[in-house]
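Q: To be precise about what I am sending: the file is called run.txt and holds compact mmCIF, N, CA and C atoms.
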```txt
# COMPACT_ATOMS: atom_id res chain seq x y z
N MET A 1 1.25 4.49 -49.03
CA MET A 1 1.34 4.94 -47.66
C MET A 1 0.50 4.06 -46.72
N SER A 2 -0.73 3.73 -47.15
CA SER A 2 -1.60 2.91 -46.31
C SER A 2 -1.04 1.49 -46.18
N GLN A 3 -0.36 0.98 -47.22
CA GLN A 3 0.25 -0.35 -47.13
C GLN A 3 1.39 -0.35 -46.11
N LEU A 4 2.15 0.72 -46.07
CA LEU A 4 3.24 0.85 -45.11
C LEU A 4 2.68 0.91 -43.69
N PHE A 5 1.60 1.64 -43.51
CA PHE A 5 0.95 1.71 -42.20
C PHE A 5 0.45 0.34 -41.79
N LEU A 6 -0.19 -0.38 -42.70
CA LEU A 6 -0.70 -1.71 -42.42
C LEU A 6 0.43 -2.67 -42.06
N LEU A 7 1.52 -2.62 -42.78
CA LEU A 7 2.68 -3.46 -42.49
C LEU A 7 3.24 -3.15 -41.11
N GLY A 8 3.36 -1.88 -40.77
CA GLY A 8 3.84 -1.48 -39.45
C GLY A 8 2.92 -1.97 -38.34
N PHE A 9 1.62 -1.88 -38.58
CA PHE A 9 0.64 -2.34 -37.61
C PHE A 9 0.76 -3.85 -37.40
N ILE A 10 0.92 -4.60 -38.47
CA ILE A 10 1.07 -6.06 -38.38
C ILE A 10 2.34 -6.42 -37.63
N VAL A 11 3.43 -5.72 -37.90
CA VAL A 11 4.70 -5.96 -37.19
C VAL A 11 4.52 -5.71 -35.70
N LEU A 12 3.84 -4.63 -35.33
CA LEU A 12 3.58 -4.34 -33.92
C LEU A 12 2.73 -5.42 -33.27
N LEU A 13 1.72 -5.90 -33.96
CA LEU A 13 0.88 -6.97 -33.42
C LEU A 13 1.68 -8.24 -33.19
N VAL A 14 2.52 -8.61 -34.14
CA VAL A 14 3.34 -9.81 -34.00
C VAL A 14 4.31 -9.64 -32.83
N TYR A 15 4.93 -8.47 -32.71
CA TYR A 15 5.85 -8.21 -31.60
C TYR A 15 5.11 -8.32 -30.26
N TYR A 16 3.93 -7.71 -30.15
CA TYR A 16 3.16 -7.75 -28.91
C TYR A 16 2.78 -9.18 -28.56
N TRP A 17 2.32 -9.95 -29.53
CA TRP A 17 1.94 -11.34 -29.29
C TRP A 17 3.14 -12.15 -28.82
N ASN A 18 4.28 -11.99 -29.47
CA ASN A 18 5.49 -12.72 -29.10
C ASN A 18 5.94 -12.34 -27.68
N HIS A 19 5.93 -11.06 -27.37
CA HIS A 19 6.31 -10.59 -26.05
C HIS A 19 5.37 -11.14 -24.97
N THR A 20 4.09 -11.13 -25.26
CA THR A 20 3.09 -11.64 -24.32
C THR A 20 3.29 -13.14 -24.08
N GLN A 21 3.60 -13.89 -25.13
CA GLN A 21 3.84 -15.33 -24.98
C GLN A 21 5.07 -15.61 -24.11
N LYS A 22 6.12 -14.81 -24.26
CA LYS A 22 7.32 -14.98 -23.43
C LYS A 22 7.00 -14.73 -21.96
N LEU A 23 6.24 -13.68 -21.69
CA LEU A 23 5.86 -13.38 -20.31
C LEU A 23 4.96 -14.46 -19.73
N LYS A 24 4.09 -15.02 -20.56
CA LYS A 24 3.22 -16.09 -20.10
C LYS A 24 4.05 -17.32 -19.72
N GLN A 25 5.08 -17.63 -20.49
CA GLN A 25 5.95 -18.76 -20.16
C GLN A 25 6.70 -18.52 -18.86
N ILE A 26 7.13 -17.29 -18.62
CA ILE A 26 7.77 -16.94 -17.35
C ILE A 26 6.79 -17.16 -16.20
N ALA A 27 5.55 -16.75 -16.37
CA ALA A 27 4.53 -16.92 -15.34
C ALA A 27 4.23 -18.39 -15.09
N ILE A 28 4.17 -19.19 -16.14
CA ILE A 28 3.91 -20.63 -15.97
C ILE A 28 5.03 -21.27 -15.16
N ARG A 29 6.28 -20.96 -15.50
CA ARG A 29 7.42 -21.52 -14.75
C ARG A 29 7.36 -21.09 -13.28
N ALA A 30 7.02 -19.83 -13.02
CA ALA A 30 6.94 -19.33 -11.65
C ALA A 30 5.82 -20.03 -10.88
N GLY A 31 4.67 -20.22 -11.53
CA GLY A 31 3.54 -20.91 -10.89
C GLY A 31 3.87 -22.36 -10.58
N ARG A 32 4.48 -23.05 -11.52
CA ARG A 32 4.88 -24.44 -11.29
C ARG A 32 5.87 -24.54 -10.14
N HIS A 33 6.85 -23.64 -10.14
CA HIS A 33 7.88 -23.66 -9.10
C HIS A 33 7.27 -23.43 -7.72
N ARG A 34 6.39 -22.43 -7.61
CA ARG A 34 5.75 -22.13 -6.32
C ARG A 34 4.88 -23.29 -5.85
N CYS A 35 4.17 -23.92 -6.77
CA CYS A 35 3.34 -25.08 -6.41
C CYS A 35 4.22 -26.23 -5.93
N HIS A 36 5.33 -26.45 -6.60
CA HIS A 36 6.26 -27.51 -6.19
C HIS A 36 6.78 -27.23 -4.78
N GLU A 37 7.15 -25.98 -4.51
CA GLU A 37 7.63 -25.60 -3.18
C GLU A 37 6.58 -25.84 -2.10
N ALA A 38 5.32 -25.56 -2.44
CA ALA A 38 4.23 -25.69 -1.47
C ALA A 38 3.70 -27.12 -1.37
N GLY A 39 4.14 -28.00 -2.27
CA GLY A 39 3.68 -29.38 -2.25
C GLY A 39 2.26 -29.55 -2.77
N VAL A 40 1.87 -28.69 -3.69
CA VAL A 40 0.53 -28.78 -4.30
C VAL A 40 0.68 -29.01 -5.80
N GLN A 41 -0.43 -29.30 -6.44
CA GLN A 41 -0.41 -29.62 -7.88
C GLN A 41 -0.88 -28.42 -8.70
N PHE A 42 -0.05 -28.00 -9.64
CA PHE A 42 -0.37 -26.93 -10.60
C PHE A 42 -1.33 -27.53 -11.62
N LEU A 43 -2.51 -26.93 -11.77
CA LEU A 43 -3.54 -27.50 -12.64
C LEU A 43 -3.58 -26.83 -14.02
N ASP A 44 -3.98 -27.59 -15.00
CA ASP A 44 -4.25 -27.12 -16.37
C ASP A 44 -3.00 -26.67 -17.13
N HIS A 45 -1.85 -26.68 -16.51
CA HIS A 45 -0.56 -26.33 -17.15
C HIS A 45 -0.59 -24.97 -17.84
N THR A 46 -1.34 -24.04 -17.28
CA THR A 46 -1.42 -22.72 -17.90
C THR A 46 -1.76 -21.64 -16.88
N VAL A 47 -1.59 -20.41 -17.31
CA VAL A 47 -1.97 -19.23 -16.53
C VAL A 47 -2.82 -18.33 -17.43
N VAL A 48 -3.57 -17.43 -16.81
CA VAL A 48 -4.41 -16.50 -17.55
C VAL A 48 -4.07 -15.09 -17.09
N GLN A 49 -3.79 -14.21 -18.04
CA GLN A 49 -3.52 -12.82 -17.69
C GLN A 49 -4.84 -12.18 -17.31
N SER A 50 -4.92 -11.70 -16.07
CA SER A 50 -6.18 -11.14 -15.60
C SER A 50 -6.17 -9.62 -15.50
N LYS A 51 -4.97 -9.02 -15.47
CA LYS A 51 -4.92 -7.57 -15.31
C LYS A 51 -3.58 -7.06 -15.84
N ILE A 52 -3.61 -5.86 -16.39
CA ILE A 52 -2.39 -5.18 -16.80
C ILE A 52 -2.53 -3.72 -16.39
N THR A 53 -1.53 -3.22 -15.65
CA THR A 53 -1.56 -1.84 -15.17
C THR A 53 -0.19 -1.21 -15.37
N MET A 54 -0.14 0.09 -15.19
CA MET A 54 1.13 0.81 -15.23
C MET A 54 1.56 1.09 -13.80
N VAL A 55 2.85 0.87 -13.52
CA VAL A 55 3.42 1.15 -12.20
C VAL A 55 4.70 1.95 -12.36
N ARG A 56 5.07 2.66 -11.32
CA ARG A 56 6.31 3.44 -11.31
C ARG A 56 7.35 2.72 -10.47
N ASP A 57 8.59 2.79 -10.91
CA ASP A 57 9.67 2.24 -10.09
C ASP A 57 10.25 3.36 -9.21
N LYS A 58 11.27 3.04 -8.43
CA LYS A 58 11.86 4.01 -7.50
C LYS A 58 12.50 5.20 -8.22
N LYS A 59 12.90 5.00 -9.47
CA LYS A 59 13.54 6.07 -10.23
C LYS A 59 12.54 6.93 -11.00
N GLY A 60 11.27 6.57 -10.93
CA GLY A 60 10.25 7.36 -11.59
C GLY A 60 9.85 6.86 -12.97
N GLY A 61 10.43 5.74 -13.42
CA GLY A 61 10.08 5.19 -14.72
C GLY A 61 8.76 4.43 -14.67
N TRP A 62 8.06 4.41 -15.77
CA TRP A 62 6.78 3.71 -15.87
C TRP A 62 6.98 2.36 -16.55
N TYR A 63 6.32 1.33 -16.01
CA TYR A 63 6.41 -0.03 -16.56
C TYR A 63 5.05 -0.70 -16.47
N PHE A 64 4.86 -1.69 -17.33
CA PHE A 64 3.64 -2.50 -17.25
C PHE A 64 3.80 -3.55 -16.16
N ALA A 65 2.77 -3.69 -15.35
CA ALA A 65 2.69 -4.77 -14.36
C ALA A 65 1.56 -5.69 -14.81
N ARG A 66 1.88 -6.96 -14.94
CA ARG A 66 0.89 -7.93 -15.39
C ARG A 66 0.56 -8.88 -14.25
N LEU A 67 -0.72 -9.19 -14.08
CA LEU A 67 -1.16 -10.12 -13.07
C LEU A 67 -1.73 -11.34 -13.79
N TYR A 68 -1.20 -12.50 -13.45
CA TYR A 68 -1.65 -13.77 -14.00
C TYR A 68 -2.30 -14.58 -12.90
N GLU A 69 -3.29 -15.38 -13.25
CA GLU A 69 -3.95 -16.26 -12.30
C GLU A 69 -3.83 -17.70 -12.79
N PHE A 70 -3.81 -18.63 -11.83
CA PHE A 70 -3.75 -20.04 -12.16
C PHE A 70 -4.47 -20.83 -11.07
N ASP A 71 -4.78 -22.07 -11.37
CA ASP A 71 -5.44 -22.95 -10.41
C ASP A 71 -4.47 -24.00 -9.92
N PHE A 72 -4.67 -24.41 -8.66
CA PHE A 72 -3.88 -25.50 -8.10
C PHE A 72 -4.77 -26.28 -7.14
N THR A 73 -4.32 -27.46 -6.75
CA THR A 73 -5.05 -28.27 -5.78
C THR A 73 -4.08 -28.89 -4.81
N SER A 74 -4.55 -29.06 -3.60
CA SER A 74 -3.74 -29.74 -2.59
C SER A 74 -4.31 -31.12 -2.28
N THR A 75 -5.60 -31.29 -2.55
CA THR A 75 -6.28 -32.54 -2.21
C THR A 75 -6.67 -33.36 -3.43
N GLY A 76 -6.65 -32.77 -4.58
CA GLY A 76 -7.12 -33.45 -5.77
C GLY A 76 -8.60 -33.26 -6.01
N GLU A 77 -9.30 -32.65 -5.06
CA GLU A 77 -10.74 -32.45 -5.19
C GLU A 77 -11.13 -30.99 -5.33
N THR A 78 -10.44 -30.12 -4.62
CA THR A 78 -10.81 -28.70 -4.58
C THR A 78 -9.78 -27.86 -5.32
N ARG A 79 -10.28 -26.93 -6.13
CA ARG A 79 -9.40 -25.99 -6.83
C ARG A 79 -9.24 -24.73 -6.00
N TYR A 80 -8.01 -24.25 -5.98
CA TYR A 80 -7.69 -22.98 -5.34
C TYR A 80 -7.01 -22.10 -6.39
N GLN A 81 -6.95 -20.80 -6.10
CA GLN A 81 -6.33 -19.88 -7.06
C GLN A 81 -5.00 -19.35 -6.55
N GLY A 82 -4.11 -19.12 -7.50
CA GLY A 82 -2.85 -18.49 -7.24
C GLY A 82 -2.69 -17.30 -8.17
N ARG A 83 -1.82 -16.37 -7.79
CA ARG A 83 -1.60 -15.18 -8.59
C ARG A 83 -0.10 -14.93 -8.74
N ILE A 84 0.27 -14.44 -9.90
CA ILE A 84 1.67 -14.12 -10.21
C ILE A 84 1.71 -12.69 -10.73
N LYS A 85 2.60 -11.88 -10.15
CA LYS A 85 2.75 -10.50 -10.62
C LYS A 85 4.11 -10.38 -11.28
N ILE A 86 4.12 -9.86 -12.50
CA ILE A 86 5.35 -9.67 -13.27
C ILE A 86 5.46 -8.19 -13.65
N ILE A 87 6.62 -7.61 -13.34
CA ILE A 87 6.92 -6.25 -13.77
C ILE A 87 8.19 -6.35 -14.62
N LYS A 88 8.15 -5.72 -15.78
CA LYS A 88 9.18 -5.87 -16.80
C LYS A 88 9.21 -7.36 -17.15
N HIS A 89 10.32 -8.03 -16.97
CA HIS A 89 10.41 -9.48 -17.21
C HIS A 89 10.69 -10.22 -15.91
N ARG A 90 10.39 -9.59 -14.77
CA ARG A 90 10.74 -10.16 -13.49
C ARG A 90 9.51 -10.51 -12.67
N VAL A 91 9.51 -11.70 -12.11
CA VAL A 91 8.43 -12.12 -11.21
C VAL A 91 8.66 -11.42 -9.88
N VAL A 92 7.70 -10.63 -9.44
CA VAL A 92 7.86 -9.91 -8.18
C VAL A 92 7.03 -10.51 -7.05
N ASP A 93 6.02 -11.33 -7.39
CA ASP A 93 5.20 -11.94 -6.34
C ASP A 93 4.47 -13.15 -6.90
N VAL A 94 4.45 -14.20 -6.09
CA VAL A 94 3.62 -15.38 -6.39
C VAL A 94 2.86 -15.68 -5.12
N ASP A 95 1.54 -15.66 -5.20
CA ASP A 95 0.69 -15.80 -4.03
C ASP A 95 -0.27 -16.96 -4.23
N LEU A 96 -0.42 -17.78 -3.20
CA LEU A 96 -1.38 -18.89 -3.24
C LEU A 96 -2.48 -18.63 -2.22
N ASP A 97 -3.73 -18.94 -2.59
CA ASP A 97 -4.82 -18.89 -1.62
C ASP A 97 -4.55 -19.90 -0.51
N ALA A 98 -5.17 -19.67 0.64
CA ALA A 98 -5.07 -20.65 1.73
C ALA A 98 -5.71 -21.95 1.26
N PHE A 99 -5.05 -23.07 1.55
CA PHE A 99 -5.54 -24.36 1.06
C PHE A 99 -5.49 -25.41 2.15
N ALA A 100 -6.31 -26.45 1.99
CA ALA A 100 -6.36 -27.57 2.93
C ALA A 100 -5.12 -28.44 2.74
N ILE A 101 -4.59 -28.93 3.85
CA ILE A 101 -3.42 -29.80 3.80
C ILE A 101 -3.87 -31.23 4.04
N ASN A 102 -3.41 -32.13 3.22
CA ASN A 102 -3.74 -33.55 3.38
C ASN A 102 -2.94 -34.17 4.49
```
Please lay out the structure from this file as structure tokens.

A:
Amino acid sequence: MSQLFLLGFIVLLVYYWNHTQKLKQIAIRAGRHRCHEAGVQFLDHTVVQSKITMVRDKKGGWYFARLYEFDFTSTGETRYQGRIKIIKHRVVDVDLDAFAIN
């Protein structure tokens, strides 16, 4: 019985890790795209999940909302922060801090 529980736990961990990696790739693509649109450079080629919360949709269902942060630069000297909000598998917001224009 304990081996079955352990196996189930390992399967859940692998599923969670895989799901998290897919969402991280979605966030990276969204961050790169927004930086390209703004004419700034996406730094470090990665994002960091900074927050996870539960939110309700219009129909009353509960979903996880994940907030990712990333760095970008407009001048090559100063780092600024951007944020990406993902609910379900959909990017709902990409926000960039105010930055200096060259």

Q: I need the alpha helix (DSSP H) residues of chain A per DSSP on the backbone, written as a PyMOL selection string.

A: chain A and resi 2-38

Q: Could the residues in this selection be written to a file with N, CA and C atoms, as a short mmCIF file (atom, residue, chain, number, x, y, z; two decimals), in the coordinates of the input?

A:
```cif
data_model
loop_
_atom_site.label_atom_id
_atom_site.label_comp_id
_atom_site.auth_asym_id
_atom_site.auth_seq_id
_atom_site.Cartn_x
_atom_site.Cartn_y
_atom_site.Cartn_z
N SER A 2 -0.73 3.73 -47.15
CA SER A 2 -1.60 2.91 -46.31
C SER A 2 -1.04 1.49 -46.18
N GLN A 3 -0.36 0.98 -47.22
CA GLN A 3 0.25 -0.35 -47.13
C GLN A 3 1.39 -0.35 -46.11
N LEU A 4 2.15 0.72 -46.07
CA LEU A 4 3.24 0.85 -45.11
C LEU A 4 2.68 0.91 -43.69
N PHE A 5 1.60 1.64 -43.51
CA PHE A 5 0.95 1.71 -42.20
C PHE A 5 0.45 0.34 -41.79
N LEU A 6 -0.19 -0.38 -42.70
CA LEU A 6 -0.70 -1.71 -42.42
C LEU A 6 0.43 -2.67 -42.06
N LEU A 7 1.52 -2.62 -42.78
CA LEU A 7 2.68 -3.46 -42.49
C LEU A 7 3.24 -3.15 -41.11
N GLY A 8 3.36 -1.88 -40.77
CA GLY A 8 3.84 -1.48 -39.45
C GLY A 8 2.92 -1.97 -38.34
N PHE A 9 1.62 -1.88 -38.58
CA PHE A 9 0.64 -2.34 -37.61
C PHE A 9 0.76 -3.85 -37.40
N ILE A 10 0.92 -4.60 -38.47
CA ILE A 10 1.07 -6.06 -38.38
C ILE A 10 2.34 -6.42 -37.63
N VAL A 11 3.43 -5.72 -37.90
CA VAL A 11 4.70 -5.96 -37.19
C VAL A 11 4.52 -5.71 -35.70
N LEU A 12 3.84 -4.63 -35.33
CA LEU A 12 3.58 -4.34 -33.92
C LEU A 12 2.73 -5.42 -33.27
N LEU A 13 1.72 -5.90 -33.96
CA LEU A 13 0.88 -6.97 -33.42
C LEU A 13 1.68 -8.24 -33.19
N VAL A 14 2.52 -8.61 -34.14
CA VAL A 14 3.34 -9.81 -34.00
C VAL A 14 4.31 -9.64 -32.83
N TYR A 15 4.93 -8.47 -32.71
CA TYR A 15 5.85 -8.21 -31.60
C TYR A 15 5.11 -8.32 -30.26
N TYR A 16 3.93 -7.71 -30.15
CA TYR A 16 3.16 -7.75 -28.91
C TYR A 16 2.78 -9.18 -28.56
N TRP A 17 2.32 -9.95 -29.53
CA TRP A 17 1.94 -11.34 -29.29
C TRP A 17 3.14 -12.15 -28.82
N ASN A 18 4.28 -11.99 -29.47
CA ASN A 18 5.49 -12.72 -29.10
C ASN A 18 5.94 -12.34 -27.68
N HIS A 19 5.93 -11.06 -27.37
CA HIS A 19 6.31 -10.59 -26.05
C HIS A 19 5.37 -11.14 -24.97
N THR A 20 4.09 -11.13 -25.26
CA THR A 20 3.09 -11.64 -24.32
C THR A 20 3.29 -13.14 -24.08
N GLN A 21 3.60 -13.89 -25.13
CA GLN A 21 3.84 -15.33 -24.98
C GLN A 21 5.07 -15.61 -24.11
N LYS A 22 6.12 -14.81 -24.26
CA LYS A 22 7.32 -14.98 -23.43
C LYS A 22 7.00 -14.73 -21.96
N LEU A 23 6.24 -13.68 -21.69
CA LEU A 23 5.86 -13.38 -20.31
C LEU A 23 4.96 -14.46 -19.73
N LYS A 24 4.09 -15.02 -20.56
CA LYS A 24 3.22 -16.09 -20.10
C LYS A 24 4.05 -17.32 -19.72
N GLN A 25 5.08 -17.63 -20.49
CA GLN A 25 5.95 -18.76 -20.16
C GLN A 25 6.70 -18.52 -18.86
N ILE A 26 7.13 -17.29 -18.62
CA ILE A 26 7.77 -16.94 -17.35
C ILE A 26 6.79 -17.16 -16.20
N ALA A 27 5.55 -16.75 -16.37
CA ALA A 27 4.53 -16.92 -15.34
C ALA A 27 4.23 -18.39 -15.09
N ILE A 28 4.17 -19.19 -16.14
CA ILE A 28 3.91 -20.63 -15.97
C ILE A 28 5.03 -21.27 -15.16
N ARG A 29 6.28 -20.96 -15.50
CA ARG A 29 7.42 -21.52 -14.75
C ARG A 29 7.36 -21.09 -13.28
N ALA A 30 7.02 -19.83 -13.02
CA ALA A 30 6.94 -19.33 -11.65
C ALA A 30 5.82 -20.03 -10.88
N GLY A 31 4.67 -20.22 -11.53
CA GLY A 31 3.54 -20.91 -10.89
C GLY A 31 3.87 -22.36 -10.58
N ARG A 32 4.48 -23.05 -11.52
CA ARG A 32 4.88 -24.44 -11.29
C ARG A 32 5.87 -24.54 -10.14
N HIS A 33 6.85 -23.64 -10.14
CA HIS A 33 7.88 -23.66 -9.10
C HIS A 33 7.27 -23.43 -7.72
N ARG A 34 6.39 -22.43 -7.61
CA ARG A 34 5.75 -22.13 -6.32
C ARG A 34 4.88 -23.29 -5.85
N CYS A 35 4.17 -23.92 -6.77
CA CYS A 35 3.34 -25.08 -6.41
C CYS A 35 4.22 -26.23 -5.93
N HIS A 36 5.33 -26.45 -6.60
CA HIS A 36 6.26 -27.51 -6.19
C HIS A 36 6.78 -27.23 -4.78
N GLU A 37 7.15 -25.98 -4.51
CA GLU A 37 7.63 -25.60 -3.18
C GLU A 37 6.58 -25.84 -2.10
N ALA A 38 5.32 -25.56 -2.44
CA ALA A 38 4.23 -25.69 -1.47
C ALA A 38 3.70 -27.12 -1.37
#
```

Q: What is the distance between CA of Gln49 in chain A and CA of Val92 in chain A, in Å to one decimal?

A: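 If I compute the distance from CA of Gln49 in chain A to CA of Val92 in chain A, I get 15.1 Å.
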
Q: Fewer than 2 positions away in the same chain doesn't count, so skip those; otherwise give me all residues within 12 Å of Glu77 in chain A, counting only C-alpha atoms, as number ranges by chain.

A: A: 40-41, 43, 72-75, 79-80, 99-102

Q: At a cut-off of 10 Å, using only C-alpha atoms, what residues contact Glu69 in chain A? Leave out same-chain residues fewer than 2 positions from it and give the result as a PyMOL selection string.

A: chain A and resi 27-28+31+46-51+67+71+81-85+94-96

Q: So how many Å separate CA of Gln25 in chain A and CA of Arg90 in chain A, to one decimal?

A: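 Taking CA of Gln25 in chain A as the start and CA of Arg90 in chain A as the end point, the length is 11.9 Å.
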
Q: Please report, as a PyMOL selection string, each residue of chain A to which DSSP assigns strand (DSSP E or B) when run on this structure's backbone.

A: chain A and resi 41-42+48-56+62-73+80-87+90-96

Q: Go ahead and save the picked residues with N, CA and C atoms, as an mmCIF file, keeping the file's coordinate frame.

A:
```cif
data_model
loop_
_atom_site.group_PDB
_atom_site.id
_atom_site.type_symbol
_atom_site.label_atom_id
_atom_site.label_comp_id
_atom_site.auth_asym_id
_atom_site.auth_seq_id
_atom_site.Cartn_x
_atom_site.Cartn_y
_atom_site.Cartn_z
ATOM 1 N N GLN A 41 -0.430 -29.300 -6.440
ATOM 2 C CA GLN A 41 -0.410 -29.620 -7.880
ATOM 3 C C GLN A 41 -0.880 -28.420 -8.700
ATOM 4 N N PHE A 42 -0.050 -28.000 -9.640
ATOM 5 C CA PHE A 42 -0.370 -26.930 -10.600
ATOM 6 C C PHE A 42 -1.330 -27.530 -11.620
ATOM 7 N N VAL A 48 -3.570 -17.430 -16.810
ATOM 8 C CA VAL A 48 -4.410 -16.500 -17.550
ATOM 9 C C VAL A 48 -4.070 -15.090 -17.090
ATOM 10 N N GLN A 49 -3.790 -14.210 -18.040
ATOM 11 C CA GLN A 49 -3.520 -12.820 -17.690
ATOM 12 C C GLN A 49 -4.840 -12.180 -17.310
ATOM 13 N N SER A 50 -4.920 -11.700 -16.070
ATOM 14 C CA SER A 50 -6.180 -11.140 -15.600
ATOM 15 C C SER A 50 -6.170 -9.620 -15.500
ATOM 16 N N LYS A 51 -4.970 -9.020 -15.470
ATOM 17 C CA LYS A 51 -4.920 -7.570 -15.310
ATOM 18 C C LYS A 51 -3.580 -7.060 -15.840
ATOM 19 N N ILE A 52 -3.610 -5.860 -16.390
ATOM 20 C CA ILE A 52 -2.390 -5.180 -16.800
ATOM 21 C C ILE A 52 -2.530 -3.720 -16.390
ATOM 22 N N THR A 53 -1.530 -3.220 -15.650
ATOM 23 C CA THR A 53 -1.560 -1.840 -15.170
ATOM 24 C C THR A 53 -0.190 -1.210 -15.370
ATOM 25 N N MET A 54 -0.140 0.090 -15.190
ATOM 26 C CA MET A 54 1.130 0.810 -15.230
ATOM 27 C C MET A 54 1.560 1.090 -13.800
ATOM 28 N N VAL A 55 2.850 0.870 -13.520
ATOM 29 C CA VAL A 55 3.420 1.150 -12.200
ATOM 30 C C VAL A 55 4.700 1.950 -12.360
ATOM 31 N N ARG A 56 5.070 2.660 -11.320
ATOM 32 C CA ARG A 56 6.310 3.440 -11.310
ATOM 33 C C ARG A 56 7.350 2.720 -10.470
ATOM 34 N N TRP A 62 8.060 4.410 -15.770
ATOM 35 C CA TRP A 62 6.780 3.710 -15.870
ATOM 36 C C TRP A 62 6.980 2.360 -16.550
ATOM 37 N N TYR A 63 6.320 1.330 -16.010
ATOM 38 C CA TYR A 63 6.410 -0.030 -16.560
ATOM 39 C C TYR A 63 5.050 -0.700 -16.470
ATOM 40 N N PHE A 64 4.860 -1.690 -17.330
ATOM 41 C CA PHE A 64 3.640 -2.500 -17.250
ATOM 42 C C PHE A 64 3.800 -3.550 -16.160
ATOM 43 N N ALA A 65 2.770 -3.690 -15.350
ATOM 44 C CA ALA A 65 2.690 -4.770 -14.360
ATOM 45 C C ALA A 65 1.560 -5.690 -14.810
ATOM 46 N N ARG A 66 1.880 -6.960 -14.940
ATOM 47 C CA ARG A 66 0.890 -7.930 -15.390
ATOM 48 C C ARG A 66 0.560 -8.880 -14.250
ATOM 49 N N LEU A 67 -0.720 -9.190 -14.080
ATOM 50 C CA LEU A 67 -1.160 -10.120 -13.070
ATOM 51 C C LEU A 67 -1.730 -11.340 -13.790
ATOM 52 N N TYR A 68 -1.200 -12.500 -13.450
ATOM 53 C CA TYR A 68 -1.650 -13.770 -14.000
ATOM 54 C C TYR A 68 -2.300 -14.580 -12.900
ATOM 55 N N GLU A 69 -3.290 -15.380 -13.250
ATOM 56 C CA GLU A 69 -3.950 -16.260 -12.300
ATOM 57 C C GLU A 69 -3.830 -17.700 -12.790
ATOM 58 N N PHE A 70 -3.810 -18.630 -11.830
ATOM 59 C CA PHE A 70 -3.750 -20.040 -12.160
ATOM 60 C C PHE A 70 -4.470 -20.830 -11.070
ATOM 61 N N ASP A 71 -4.780 -22.070 -11.370
ATOM 62 C CA ASP A 71 -5.440 -22.950 -10.410
ATOM 63 C C ASP A 71 -4.470 -24.000 -9.920
ATOM 64 N N PHE A 72 -4.670 -24.410 -8.660
ATOM 65 C CA PHE A 72 -3.880 -25.500 -8.100
ATOM 66 C C PHE A 72 -4.770 -26.280 -7.140
ATOM 67 N N THR A 73 -4.320 -27.460 -6.750
ATOM 68 C CA THR A 73 -5.050 -28.270 -5.780
ATOM 69 C C THR A 73 -4.080 -28.890 -4.810
ATOM 70 N N TYR A 80 -8.010 -24.250 -5.980
ATOM 71 C CA TYR A 80 -7.690 -22.980 -5.340
ATOM 72 C C TYR A 80 -7.010 -22.100 -6.390
ATOM 73 N N GLN A 81 -6.950 -20.800 -6.100
ATOM 74 C CA GLN A 81 -6.330 -19.880 -7.060
ATOM 75 C C GLN A 81 -5.000 -19.350 -6.550
ATOM 76 N N GLY A 82 -4.110 -19.120 -7.500
ATOM 77 C CA GLY A 82 -2.850 -18.490 -7.240
ATOM 78 C C GLY A 82 -2.690 -17.300 -8.170
ATOM 79 N N ARG A 83 -1.820 -16.370 -7.790
ATOM 80 C CA ARG A 83 -1.600 -15.180 -8.590
ATOM 81 C C ARG A 83 -0.100 -14.930 -8.740
ATOM 82 N N ILE A 84 0.270 -14.440 -9.900
ATOM 83 C CA ILE A 84 1.670 -14.120 -10.210
ATOM 84 C C ILE A 84 1.710 -12.690 -10.730
ATOM 85 N N LYS A 85 2.600 -11.880 -10.150
ATOM 86 C CA LYS A 85 2.750 -10.500 -10.620
ATOM 87 C C LYS A 85 4.110 -10.380 -11.280
ATOM 88 N N ILE A 86 4.120 -9.860 -12.500
ATOM 89 C CA ILE A 86 5.350 -9.670 -13.270
ATOM 90 C C ILE A 86 5.460 -8.190 -13.650
ATOM 91 N N ILE A 87 6.620 -7.610 -13.340
ATOM 92 C CA ILE A 87 6.920 -6.250 -13.770
ATOM 93 C C ILE A 87 8.190 -6.350 -14.620
ATOM 94 N N ARG A 90 10.390 -9.590 -14.770
ATOM 95 C CA ARG A 90 10.740 -10.160 -13.490
ATOM 96 C C ARG A 90 9.510 -10.510 -12.670
ATOM 97 N N VAL A 91 9.510 -11.700 -12.110
ATOM 98 C CA VAL A 91 8.430 -12.120 -11.210
ATOM 99 C C VAL A 91 8.660 -11.420 -9.880
ATOM 100 N N VAL A 92 7.700 -10.630 -9.440
ATOM 101 C CA VAL A 92 7.860 -9.910 -8.180
ATOM 102 C C VAL A 92 7.030 -10.510 -7.050
ATOM 103 N N ASP A 93 6.020 -11.330 -7.390
ATOM 104 C CA ASP A 93 5.200 -11.940 -6.340
ATOM 105 C C ASP A 93 4.470 -13.150 -6.900
ATOM 106 N N VAL A 94 4.450 -14.200 -6.090
ATOM 107 C CA VAL A 94 3.620 -15.380 -6.390
ATOM 108 C C VAL A 94 2.860 -15.680 -5.120
ATOM 109 N N ASP A 95 1.540 -15.660 -5.200
ATOM 110 C CA ASP A 95 0.690 -15.800 -4.030
ATOM 111 C C ASP A 95 -0.270 -16.960 -4.230
ATOM 112 N N LEU A 96 -0.420 -17.780 -3.200
ATOM 113 C CA LEU A 96 -1.380 -18.890 -3.240
ATOM 114 C C LEU A 96 -2.480 -18.630 -2.220
#
```

Q: Calculate how many Å separate CA of Asn18 in chain A from CA of Val91 in chain A, rounding to one decimal.

A: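 If I compute the distance from CA of Asn18 in chain A to CA of Val91 in chain A, I get 18.1 Å.
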
Q: Using only C-alpha atoms, which of the listed residues (A:Gly8, A:Asp93, A:Ala98, A:Arg66) sits closest to Lys24 in chain A?

A: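 Of the candidates, the smallest distance to Lys24 in chain A is held by A:Arg66.
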
Q: Quick one: everything within 6.5 Å of range 53-64 of chain A, counting all atoms listed in the file, minus sequence neighbours fewer than 6 positions away in the same chain. Send it as a ChimeraX atom specification.

A: /A:86-88
